[in-house]
$ cat model13.txt   # compact mmCIF, C-alpha atoms
# COMPACT_ATOMS: atom_id res chain seq x y z
CA MET A 1 -18.47 137.66 -22.70
CA LYS A 2 -18.53 140.60 -20.30
CA GLU A 3 -18.98 144.09 -21.74
CA ASP A 4 -15.54 145.36 -20.71
CA THR A 5 -13.87 142.24 -22.16
CA LYS A 6 -15.53 142.79 -25.52
CA LEU A 7 -14.60 146.48 -25.52
CA LEU A 8 -11.01 145.63 -24.73
CA LEU A 9 -10.65 142.92 -27.39
CA ASP A 10 -12.33 145.07 -30.05
CA TRP A 11 -9.85 147.84 -29.24
CA TYR A 12 -6.95 145.38 -29.34
CA ASP A 13 -7.98 144.02 -32.73
CA ALA A 14 -7.91 147.54 -34.12
CA GLU A 15 -4.98 149.06 -32.22
CA ARG A 16 -2.63 146.27 -31.16
CA ARG A 17 1.11 146.77 -31.48
CA ILE A 18 2.73 144.83 -34.31
CA LEU A 19 5.63 143.03 -32.65
CA PRO A 20 7.84 140.32 -34.20
CA TRP A 21 7.20 137.74 -31.49
CA ARG A 22 3.44 138.21 -31.86
CA GLU A 23 3.54 137.43 -35.57
CA ASP A 24 4.92 133.94 -34.89
CA PRO A 25 4.05 133.17 -31.25
CA THR A 26 5.74 129.81 -30.83
CA PRO A 27 6.50 128.87 -27.21
CA TYR A 28 10.22 129.57 -27.74
CA HIS A 29 9.59 132.96 -29.34
CA VAL A 30 7.20 134.01 -26.58
CA TRP A 31 9.65 132.83 -23.92
CA VAL A 32 12.61 134.71 -25.43
CA SER A 33 10.59 137.90 -25.85
CA GLU A 34 9.11 137.82 -22.36
CA ILE A 35 12.51 137.38 -20.72
CA MET A 36 14.00 140.18 -22.82
CA LEU A 37 11.09 142.48 -22.02
CA GLN A 38 11.71 142.23 -18.28
CA GLN A 39 12.96 145.69 -17.25
CA THR A 40 13.63 146.62 -20.91
CA ARG A 41 11.65 148.81 -23.33
CA VAL A 42 9.89 147.16 -26.26
CA GLU A 43 11.70 149.22 -28.90
CA ALA A 44 15.07 148.30 -27.42
CA VAL A 45 14.20 144.60 -27.46
CA LYS A 46 13.31 144.25 -31.16
CA ASP A 47 16.85 144.21 -32.55
CA TYR A 48 18.15 142.01 -29.74
CA TYR A 49 15.30 139.56 -30.31
CA ALA A 50 16.16 139.25 -34.01
CA ARG A 51 19.87 138.85 -33.26
CA PHE A 52 19.22 136.22 -30.60
CA LEU A 53 17.02 134.10 -32.87
CA ALA A 54 19.49 134.39 -35.74
CA THR A 55 22.13 132.65 -33.63
CA LEU A 56 20.02 130.56 -31.25
CA PRO A 57 16.80 129.78 -33.16
CA ASP A 58 15.45 127.07 -30.85
CA VAL A 59 15.70 125.44 -27.44
CA ALA A 60 18.28 122.89 -28.59
CA SER A 61 20.70 125.54 -29.88
CA LEU A 62 20.33 127.61 -26.71
CA ALA A 63 20.98 124.56 -24.52
CA ALA A 64 24.10 123.68 -26.52
CA ALA A 65 25.53 127.23 -26.55
CA ASP A 66 28.59 128.10 -24.48
CA GLU A 67 28.48 130.99 -22.02
CA ASP A 68 30.55 133.40 -24.09
CA THR A 69 28.19 132.91 -27.05
CA TYR A 70 24.92 133.69 -25.30
CA LEU A 71 26.41 136.46 -23.18
CA LYS A 72 27.81 138.14 -26.30
CA ILE A 73 24.40 138.05 -28.02
CA TRP A 74 22.86 139.55 -24.87
CA GLU A 75 25.47 142.29 -24.58
CA GLY A 76 23.84 145.66 -23.96
CA LEU A 77 20.52 144.30 -22.68
CA GLY A 78 21.72 144.20 -19.08
CA TYR A 79 20.54 141.99 -16.22
CA TYR A 80 22.67 139.15 -17.55
CA SER A 81 21.29 136.65 -15.05
CA ARG A 82 18.24 136.55 -17.31
CA VAL A 83 20.07 134.86 -20.18
CA ARG A 84 22.05 132.63 -17.83
CA ASN A 85 18.78 131.37 -16.40
CA MET A 86 17.41 130.90 -19.92
CA HIS A 87 20.36 128.68 -20.73
CA LYS A 88 19.83 126.63 -17.56
CA ALA A 89 16.14 126.30 -18.39
CA ALA A 90 16.93 125.23 -21.96
CA VAL A 91 19.22 122.47 -20.67
CA THR A 92 16.44 121.31 -18.34
CA ILE A 93 13.92 121.32 -21.18
CA MET A 94 16.21 119.18 -23.32
CA ASP A 95 17.07 116.79 -20.47
CA GLU A 96 13.72 116.48 -18.68
CA TYR A 97 11.03 117.51 -21.16
CA GLY A 98 12.27 115.92 -24.36
CA GLY A 99 13.07 119.28 -25.89
CA GLU A 100 9.46 120.51 -25.61
CA ILE A 101 8.68 123.64 -23.60
CA PRO A 102 6.04 122.82 -20.93
CA SER A 103 2.56 124.07 -21.73
CA THR A 104 1.21 124.87 -18.26
CA ALA A 105 2.10 127.76 -15.98
CA LYS A 106 2.73 125.34 -13.12
CA GLU A 107 5.36 123.37 -15.07
CA LEU A 108 6.91 126.48 -16.57
CA GLN A 109 7.56 127.92 -13.12
CA LYS A 110 9.81 124.95 -12.37
CA LEU A 111 12.30 126.27 -14.92
CA SER A 112 15.12 128.67 -14.02
CA GLY A 113 14.25 132.32 -14.46
CA ILE A 114 10.53 131.80 -15.11
CA GLY A 115 8.37 133.34 -12.43
CA GLU A 116 4.62 133.55 -12.03
CA TYR A 117 4.08 136.38 -14.54
CA THR A 118 6.33 134.98 -17.28
CA ALA A 119 4.87 131.49 -16.88
CA ALA A 120 1.35 132.89 -17.26
CA ALA A 121 2.34 134.93 -20.32
CA ILE A 122 3.91 131.93 -22.09
CA ALA A 123 1.07 129.57 -21.14
CA SER A 124 -1.67 131.96 -22.29
CA ILE A 125 -0.04 133.36 -25.44
CA ALA A 126 1.70 130.25 -26.78
CA PHE A 127 -0.63 127.55 -25.44
CA GLN A 128 -3.94 129.42 -24.94
CA GLN A 129 -4.10 128.44 -21.28
CA PRO A 130 -6.62 130.57 -19.29
CA VAL A 131 -4.29 132.21 -16.78
CA SER A 132 -3.82 135.93 -16.11
CA SER A 133 -0.30 137.41 -16.40
CA VAL A 134 -0.40 140.22 -13.85
CA ASP A 135 2.54 142.64 -14.01
CA GLY A 136 2.97 146.32 -13.29
CA ASN A 137 0.95 147.35 -16.33
CA LEU A 138 -2.02 145.20 -15.37
CA LEU A 139 -1.86 146.32 -11.74
CA ARG A 140 -1.94 149.97 -12.80
CA VAL A 141 -4.89 149.38 -15.14
CA TYR A 142 -6.75 147.52 -12.40
CA ALA A 143 -6.08 150.23 -9.80
CA ARG A 144 -7.41 153.00 -12.04
CA ARG A 145 -10.29 150.97 -13.44
CA ASN A 146 -11.53 150.17 -9.92
CA LEU A 147 -10.08 153.11 -7.97
CA TYR A 148 -8.00 150.77 -5.82
CA ARG A 149 -6.26 152.96 -3.25
CA GLU A 150 -4.24 150.35 -1.34
CA ASN A 151 -0.51 149.79 -1.84
CA ILE A 152 -0.25 148.27 -5.31
CA LYS A 153 3.02 146.55 -4.37
CA ASP A 154 1.34 144.55 -1.62
CA PRO A 155 0.68 140.86 -2.50
CA ALA A 156 -2.99 141.40 -1.70
CA ALA A 157 -3.26 143.83 -4.62
CA LYS A 158 -1.90 141.26 -7.05
CA LYS A 159 -4.39 138.69 -5.75
CA VAL A 160 -7.45 140.91 -6.20
CA ALA A 161 -6.28 142.03 -9.65
CA TYR A 162 -5.63 138.43 -10.71
CA ASP A 163 -9.10 137.36 -9.59
CA TYR A 164 -10.67 140.35 -11.34
CA TYR A 165 -9.03 139.56 -14.67
CA MET A 166 -9.68 135.82 -14.42
CA GLU A 167 -13.41 136.51 -14.03
CA ARG A 168 -13.33 138.38 -17.34
CA MET A 169 -10.89 136.26 -19.34
CA PRO A 170 -12.49 134.79 -22.48
CA GLU A 171 -11.96 131.04 -22.86
CA ASP A 172 -11.23 131.32 -26.58
CA ARG A 173 -8.72 134.23 -26.44
CA PRO A 174 -6.76 134.19 -23.16
CA GLY A 175 -3.49 135.18 -24.85
CA ASP A 176 -5.06 138.08 -26.70
CA TYR A 177 -6.77 139.21 -23.50
CA ASN A 178 -3.47 139.35 -21.62
CA GLN A 179 -1.71 141.09 -24.50
CA ALA A 180 -4.55 143.59 -24.84
CA LEU A 181 -4.11 144.51 -21.18
CA MET A 182 -0.35 144.76 -21.67
CA ASP A 183 -0.87 147.15 -24.60
CA LEU A 184 -3.45 149.16 -22.69
CA GLY A 185 -1.05 149.67 -19.80
CA ALA A 186 1.99 150.33 -21.99
CA THR A 187 0.47 152.73 -24.52
CA VAL A 188 -2.65 154.29 -22.98
CA CYS A 189 -2.86 153.91 -19.19
CA LEU A 190 0.65 155.28 -18.87
CA PRO A 191 2.80 154.95 -15.73
CA ASN A 192 4.50 158.35 -15.76
CA GLY A 193 2.51 161.44 -16.60
CA GLU A 194 -1.02 161.86 -17.82
CA PRO A 195 -2.75 158.69 -19.11
CA GLU A 196 -4.31 159.05 -22.56
CA CYS A 197 -7.86 158.37 -21.43
CA PHE A 198 -9.31 159.67 -24.70
CA ARG A 199 -7.86 156.54 -26.38
CA CYS A 200 -8.97 154.07 -23.70
CA PRO A 201 -11.74 151.54 -24.46
CA TRP A 202 -12.60 151.55 -20.75
CA ALA A 203 -12.75 155.31 -20.29
CA ASP A 204 -16.51 155.31 -19.57
CA LEU A 205 -16.13 152.44 -17.10
CA CYS A 206 -13.01 153.66 -15.29
CA GLU A 207 -13.69 154.85 -11.75
CA ALA A 208 -10.51 156.93 -11.51
CA HIS A 209 -11.34 158.68 -14.81
CA LYS A 210 -14.92 159.35 -13.74
CA GLN A 211 -13.65 161.15 -10.64
CA GLY A 212 -10.70 162.81 -12.39
CA VAL A 213 -8.14 161.23 -10.06
CA GLU A 214 -6.16 159.15 -12.55
CA LEU A 215 -2.85 160.46 -11.22
CA GLU A 216 -3.68 159.53 -7.64
CA VAL A 217 -3.62 155.80 -8.38
CA PRO A 218 -1.99 153.41 -8.27
CA VAL A 219 -0.59 154.03 -4.79
CA VAL A 220 3.09 153.12 -4.88
CA PRO A 221 5.51 153.35 -1.93
CA ALA A 222 8.50 155.64 -2.34
CA LYS A 223 11.53 153.94 -3.87
CA LYS A 224 14.64 153.48 -1.79
CA ALA A 225 17.42 155.75 -3.01
CA ARG A 226 20.18 154.04 -5.01
CA ARG A 227 23.58 153.97 -3.36
CA ILE A 228 26.45 155.75 -5.09
CA GLU A 229 29.72 154.02 -5.94
CA HIS A 230 32.71 156.04 -7.16
CA ARG A 231 35.05 154.09 -9.44
CA ASN A 232 38.25 154.47 -11.39
CA VAL A 233 38.18 152.87 -14.84
CA TYR A 234 41.49 152.19 -16.63
CA ARG A 235 41.76 151.96 -20.42
CA VAL A 236 45.24 150.45 -20.59
CA HIS A 237 46.86 149.75 -23.95
CA CYS A 238 50.18 149.14 -25.64
CA GLY A 239 50.20 149.34 -29.41
CA ASP A 240 47.32 147.18 -30.63
CA VAL A 241 46.96 145.37 -27.32
CA LEU A 242 44.36 146.29 -24.70
CA LEU A 243 44.07 145.27 -21.06
CA LEU A 244 40.78 143.67 -20.03
CA SER A 245 39.60 141.80 -16.98
CA LYS A 246 36.96 139.21 -16.23
CA ARG A 247 34.61 139.82 -13.34
CA PRO A 248 34.12 137.16 -10.66
CA ASP A 249 31.46 134.50 -11.18
CA THR A 250 29.12 135.98 -8.57
CA GLY A 251 27.73 139.44 -7.90
CA LEU A 252 26.90 142.32 -10.21
CA LEU A 253 27.72 141.67 -13.90
CA ALA A 254 29.00 138.23 -12.90
CA GLY A 255 31.36 136.56 -15.34
CA LEU A 256 31.39 139.42 -17.84
CA TYR A 257 34.40 141.29 -19.20
CA GLU A 258 35.36 144.88 -18.45
CA PHE A 259 38.03 147.51 -18.36
CA PRO A 260 39.98 147.14 -15.12
CA ASN A 261 38.46 149.33 -12.42
CA ASP A 262 38.63 150.09 -8.72
CA LEU A 263 36.00 151.07 -6.19
CA LEU A 264 37.07 154.28 -4.42
CA VAL A 265 36.63 153.80 -0.70
CA PRO A 266 38.24 155.91 2.07
CA GLU A 267 40.76 153.93 4.12
CA LYS A 268 38.63 154.07 7.28
CA LYS A 269 35.56 152.86 5.38
CA ALA A 270 37.55 150.10 3.72
CA ALA A 271 38.81 148.88 7.10
CA GLU A 272 35.28 148.84 8.51
CA THR A 273 34.00 146.94 5.50
CA SER A 274 36.80 144.38 5.81
CA GLU A 275 35.97 143.75 9.45
CA LYS A 276 32.23 143.45 8.95
CA SER A 277 32.09 141.36 5.79
CA SER A 278 34.00 138.53 4.19
CA GLY A 279 31.95 138.90 0.98
CA ASN A 280 32.76 140.82 -2.18
CA SER A 281 34.10 144.11 -0.81
CA SER A 282 34.38 145.52 -4.33
CA GLU A 283 30.57 145.78 -4.42
CA LYS A 284 30.13 147.61 -1.10
CA SER A 285 28.96 151.19 -1.07
CA SER A 286 31.64 153.87 -1.28
CA GLY A 287 29.41 156.28 0.66
CA LYS A 288 29.06 160.02 0.16
CA LEU A 289 32.31 161.61 -0.95
CA THR A 290 33.23 165.19 -1.75
CA LYS A 291 34.83 166.10 -5.08
CA LYS A 292 38.13 166.63 -3.31
CA GLN A 293 37.93 163.20 -1.69
CA VAL A 294 37.09 161.56 -5.00
CA ALA A 295 40.05 163.26 -6.69
CA GLU A 296 42.46 162.18 -3.95
CA LEU A 297 41.16 158.61 -3.83
CA SER A 298 41.22 158.42 -7.61
CA GLN A 299 44.87 159.43 -7.84
CA ASN A 300 45.87 157.05 -5.06
CA ALA A 301 43.97 154.19 -6.68
CA LEU A 302 45.57 154.93 -10.05
CA ASP A 303 49.08 154.84 -8.57
CA ARG A 304 48.31 151.64 -6.69
CA PHE A 305 46.83 149.96 -9.78
CA LEU A 306 49.92 150.69 -11.87
CA SER A 307 52.26 149.56 -9.12
CA ASP A 308 50.37 146.39 -8.18
CA ASN A 309 50.28 145.23 -11.80
CA ASP A 310 53.87 146.21 -12.70
CA LEU A 311 52.69 148.61 -15.39
CA THR A 312 55.07 151.35 -16.59
CA PRO A 313 53.08 154.23 -18.06
CA VAL A 314 54.23 156.10 -21.13
CA SER A 315 51.31 158.52 -20.84
CA VAL A 316 48.24 158.95 -18.66
CA PHE A 317 45.32 161.12 -19.76
CA PRO A 318 42.00 161.68 -17.96
CA LEU A 319 38.88 160.60 -19.83
CA PRO A 320 35.48 162.31 -19.50
CA ALA A 321 33.62 161.24 -16.39
CA ALA A 322 30.73 158.83 -16.91
CA LYS A 323 27.77 157.49 -14.97
CA HIS A 324 25.85 154.25 -15.24
CA ILE A 325 22.64 153.46 -13.37
CA PHE A 326 21.72 149.97 -12.24
CA SER A 327 18.52 149.15 -10.38
CA HIS A 328 20.00 149.63 -6.90
CA VAL A 329 23.34 151.35 -7.45
CA GLU A 330 24.89 154.15 -9.52
CA TRP A 331 28.45 154.00 -10.75
CA HIS A 332 30.10 157.43 -10.96
CA MET A 333 33.25 156.74 -12.95
CA THR A 334 36.53 158.57 -13.39
CA GLY A 335 38.34 157.28 -16.47
CA TYR A 336 42.01 157.18 -17.48
CA ASP A 337 43.57 156.40 -20.84
CA ILE A 338 46.91 154.78 -20.03
CA GLU A 339 49.55 153.87 -22.59
CA VAL A 340 52.14 151.51 -21.11
CA GLU A 341 55.53 150.24 -22.20
CA SER A 342 54.49 146.60 -22.27
CA LEU A 343 51.68 144.16 -21.51
CA GLU A 344 53.76 141.05 -22.17
CA GLN A 345 53.81 140.15 -18.47
CA LEU A 346 50.06 139.43 -18.54
CA PRO A 347 48.28 136.35 -19.94
CA SER A 348 46.64 136.67 -23.35
CA GLU A 349 43.48 134.75 -22.40
CA ALA A 350 40.91 135.24 -19.66
CA ALA A 351 41.45 132.53 -17.10
CA GLY A 352 38.41 133.28 -14.93
CA SER A 353 38.61 134.10 -11.26
CA SER A 354 37.69 132.18 -8.14
CA ASP A 355 38.58 135.18 -6.00
CA ALA A 356 35.43 137.14 -5.10
CA ASP A 357 37.45 140.30 -4.36
CA ARG A 358 39.24 140.76 -7.68
CA ALA A 359 39.01 140.19 -11.40
CA ASP A 360 41.74 138.55 -13.47
CA LEU A 361 43.60 140.77 -15.95
CA PHE A 362 44.58 139.66 -19.43
CA ALA A 363 45.92 141.24 -22.61
CA CYS A 364 43.72 141.24 -25.70
CA HIS A 365 44.46 142.33 -29.27
CA LEU A 366 42.11 145.10 -30.37
CA SER A 367 40.90 142.96 -33.28
CA GLU A 368 39.69 140.36 -30.75
CA VAL A 369 37.83 142.66 -28.36
CA ASP A 370 34.45 141.97 -29.96
CA ARG A 371 34.69 138.36 -28.82
CA TYR A 372 34.14 139.43 -25.24
CA SER A 373 30.91 140.54 -23.60
CA ILE A 374 31.63 144.01 -22.22
CA PRO A 375 28.50 145.51 -20.60
CA ASN A 376 27.33 148.93 -21.72
CA ALA A 377 28.27 150.33 -18.30
CA PHE A 378 31.69 150.80 -19.92
CA ASP A 379 30.53 152.24 -23.26
CA ALA A 380 32.01 155.66 -22.44
CA PHE A 381 35.50 154.17 -22.27
CA LYS A 382 35.50 152.04 -25.40
CA PHE A 383 37.73 153.06 -28.32
$ encode --input "model13.txt" --output "C-alpha cells"
Amino acid sequence: MKEDTKLLLDWYDAERRILPWREDPTPYHVWVSEIMLQQTRVEAVKDYYARFLATLPDVASLAAADEDTYLKIWEGLGYYSRVRNMHKAAVTIMDEYGGEIPSTAKELQKLSGIGEYTAAAIASIAFQQPVSSVDGNLLRVYARRNLYRENIKDPAAKKVAYDYYMERMPEDRPGDYNQALMDLGATVCLPNGEPECFRCPWADLCEAHKQGVELEVPVVPAKKARRIEHRNVYRVHCGDVLLLSKRPDTGLLAGLYEFPNDLLVPEKKAAETSEKSSGNSSEKSSGKLTKKQVAELSQNALDRFLSDNDLTPVSVFPLPAAKHIFSHVEWHMTGYDIEVESLEQLPSEAAGSSDADRADLFACHLSEVDRYSIPNAFDAFKF
C-alpha cells in the first residue's frame, strides 16, 4: 500500500463522517444516497433519505410506485429528473435483472440516470469493485495534491485524475478509499475559501500547499451567467378551494404542480420568440427588463390571466416579491393573492397537459393540497 493511501485511510478511519447510508451500505441504499447527493448538500439529504426509504424501502417498491408518490417524496430536493430516472432504472432492474442491482460499473451505467461517477460509487462502496469515482471533490484534491494547472473541467483532467487514484486504490478497501477522498474534498480541501490544510493527511505531500498556492488551483473556467426570467405568480382561491396547475410533461419542473404563473415577455420579444421557435415559449428568456417594464407587463399579464380564465376577482393583493435560482436560470417573481367569486367552472382534478405552451388549471380543496408535488420554487406563495 502506497504511503499516501495509508495516510488517507488512517485519517478516514479516525475522522470519517457518520452518514446513514454508510452505516448500512446495501446497493439500494448507496444508489438512493448517491442520486440524492447530486447537486445537493449532505445535511439537506439526510431527512429526505430517511423519508424516501420509509415509503420506498427497496427496488421493488420503487418500481411499483406511481409518479405522484415518488415525486411527492422528492418534493423540495429539486432536479426532479433524478427521481424519474431512478424509477425507470428500478423498473429495468425488476424486468431485466431479476430485481438485483447490477454489481459492475459497466452494467450500472446502462440504467437510467446512472452515469460514470455514480456507477463507480455504487460498484466500489456496495460491491467493493476497484473503480475510482471521480467527481468535483476528487478533481479538486488531485489538482492541489499535484499542482495541476490545466482546466479541471477538461476531459483530460478527469482521465489523469482517474489513473492517479486507480494506481493508489487498495484492493481490499476500494469503497473506503473513494469515500475517504469524498470526505477529504468535502470537509478539508474545500471548494470555496481557504482549505483547512492543517487537518489534511496529505498536507506534507501536497504540492500546492508546499508552494502556498492552494487557492490558485484547481483552474476552473468562468461560469456562464444565468438568464433572468420575470414571472407573475397567482395564488387564486375561493373559500377553501385553491387554483393549481400542472406543468407540461417536458421542460423545467416537468409534470409537477404549481401556482398558475406567466412569463413576462415584451410583445416584440414574444413575437420574435414565436417566429424563431416552435418549442416551449414559456421557458424562453424574458431578457433584461427595467422595473417600470416589469410593473407594466405584470399588470397586463394579470388582467389577461383573469380574463382568459373567466375569473371574477373579489380582491387582488400584491404578495412580496420572490426569487428562485435554478442551475441555468433565475426566476424573479411578482406574486398576487387573488380571491375570486367562483372556481366551479374549472375541473377538480389535474388532467395533465399535452400542450407544451401551457399548463392545465384545476381547483383543489386546501385539505388536499399536500397530495400534489409543488416545488420549493413556489414556497414564498404557499399559505
$ closest_residue --input "model13.txt" --among "A:Thr26, A:Glu339, A:Leu77, A:Ala65" --to "A:Thr40" --atoms "all atoms listed in the file"
A:Leu77
$ closest_residue --input "model13.txt" --among "A:Asp172, A:Val233, A:Asn376, A:Val30" --to "A:Ser103" --atoms "all atoms listed in the file"
A:Val30
$ closest_residue --input "model13.txt" --among "A:Pro27, A:Asp154, A:Leu263, A:Lys6" --to "A:Glu100" --atoms "all atoms listed in the file"
A:Pro27
$ closest_residue --input "model13.txt" --among "A:Leu190, A:Ala322, A:Val265, A:Ile114" --to "A:Pro218" --atoms "only C-alpha atoms"
A:Leu190
$ residues_around --input "model13.txt" --residues "stretch 118-131 of chain A" --least-positions-apart "4" --cutoff "8 Å" --atoms "all atoms listed in the file" --output "MDAnalysis selection string"
chainID A and resid 25:27 30:31 34:35 103:106 108:109 114 166 169:176 178:179
$ atom_distance --input "model13.txt" --atom1 "atom CA of A:Phe259" --atom2 "atom CA of A:Ser245"
6.1 Å
$ closest_residue --input "model13.txt" --among "A:Ser342, A:Asn192, A:Asn151, A:Asn261" --to "A:Leu242" --atoms "all atoms listed in the file"
A:Ser342
